[in-house]
Amino acid sequence: MKNILITGVTGTIGKKLLEKLSGSKSKYNIVGIDINEEELFYLESKYLANNNVSFKFCDVKDFDNLVNICSKIDLIYHTAALKHVIFSEELPSAAVQTNILGVQNIIKAAHENNVNKVIFTSSDKAVNPTSVMGTSKLMGEKLITSSNFINKNKKTKFASVRFGNVLGSSGSFIPLFYNQIKNNRKITITDKKMTRYVMTINDAVDLMIKCTNDTRGGEVFVFKMSAVKVLDVAEAMIELFGKDKKIKKEFIGS
């Protein structure tokens, strides 16, 4: 059986990936790691009957622990990251530690354990980045791609998957708008002209699995996504969820 490691397993993508790979006919042994202790506990309770699934508390910044966990791993899905733009702007060092040095630790651990493939989840914010988060994701992509050429044993293949705004995920603007409408608050929009590329959670996970099979090492896979104006989404959600409320829009700047 193939042994798979999912980092950031309590996140939206991590959980969906785990669900998809651990079905009744699963041929995989799956290890999920995260630093969210409470969510790990709930996941462990949920998958208690799955003998092929286990969970460990591990920070990707903890290299020694990571190396030990990767000792028998064949495939790594690296979804753990600091994803929120505002937090990264407020504390850039945290984004560097997790999104750059954390990726480097994954690469080193994969090399040391002769892991077959590493799939890194990136963001469309890595394209011509204007934020700390986007810059850190771009650096993560660069590290992943270059690892294919500096790997002495030539065994491990590294590739990146670039996501847009995954609808329904914790980092999506949809839940933010919904909560603002529900609590009768202003909807905060960065700019009237702002657009976002969107995809569903299933699209994101399917892309990760597809590129695992297709990769030859070094690619950045991009799903063909639909672009939407954030203002249009906000107005549609106000009409759908806030008909009886006087919801105002506030433009807060990019």
# chains A, B, ... in the order shown; residues from 1 in each chain; ligands from 1

call {"tool": "residues_around", "arguments": {"residues": "region 26-42 of chain A", "least_positions_apart": "3", "cutoff": "9 Å", "atoms": "only C-alpha atoms", "output": "PyMOL selection string"}}
result
chain A and resi 1-11+14+18+20-23+45-47+51-60+69+73+80

call {"tool": "select_by_dssp", "arguments": {"residues": "region 32-219 of chain A", "states": "helix (DSSP H, G or I)", "output": "ChimeraX atom specification"}}
result
/A:37-46,63-72,85-90,92-112,124-126,132-150,173-182,201-214

call {"tool": "residues_around", "arguments": {"residues": "Leu17 (chain A)", "least_positions_apart": "5", "cutoff": "9 Å", "atoms": "only C-alpha atoms", "output": "PyMOL selection string"}}
result
chain A and resi 6+9+12+22+77+202+205-206+208-209

call {"tool": "atom_distance", "arguments": {"atom1": "CA of Ser131 (chain A)", "atom2": "CA of Asn179 (chain A)"}}
result
24.6 Å

call {"tool": "residues_around", "arguments": {"residues": "Phe251 (chain A)", "least_positions_apart": "3", "cutoff": "6 Å", "atoms": "only C-alpha atoms", "output": "number ranges by chain"}}
result
A: 188-191

call {"tool": "write_last_selection", "arguments": {"atoms": "N, CA and C atoms", "output": "short mmCIF file (atom, residue, chain, number, x, y, z; two decimals), in the first residue's frame"}}
result
data_model
loop_
_atom_site.label_atom_id
_atom_site.label_comp_id
_atom_site.auth_asym_id
_atom_site.auth_seq_id
_atom_site.Cartn_x
_atom_site.Cartn_y
_atom_site.Cartn_z
N THR A 188 -17.29 44.33 3.49
CA THR A 188 -16.02 44.98 3.19
C THR A 188 -15.44 44.45 1.88
N ILE A 189 -15.32 45.35 0.92
CA ILE A 189 -14.80 45.01 -0.41
C ILE A 189 -13.55 45.84 -0.66
N THR A 190 -12.52 45.20 -1.19
CA THR A 190 -11.26 45.92 -1.37
C THR A 190 -11.39 47.04 -2.41
N ASP A 191 -11.96 46.70 -3.58
CA ASP A 191 -12.01 47.66 -4.67
C ASP A 191 -13.16 47.30 -5.62
#

call {"tool": "atom_distance", "arguments": {"atom1": "CA of Phe163 (chain A)", "atom2": "CA of Arg185 (chain A)"}}
result
28.9 Å

call {"tool": "select_by_dssp", "arguments": {"residues": "region 19-215 of chain A", "states": "strand (DSSP E or B)", "output": "JSON, numbers by chain"}}
result
{"A": [28, 29, 30, 31, 32, 33, 34, 53, 54, 55, 56, 57, 75, 76, 77, 78, 117, 118, 119, 120, 121, 122, 123, 157, 158, 159, 160, 161, 162, 163, 165, 166, 187, 188, 189, 195, 196, 197, 198, 199]}

call {"tool": "residues_around", "arguments": {"residues": "Thr156 (chain A)", "least_positions_apart": "2", "cutoff": "6 Å", "atoms": "only C-alpha atoms", "output": "NGL selection string"}}
result
:A and (115-117)
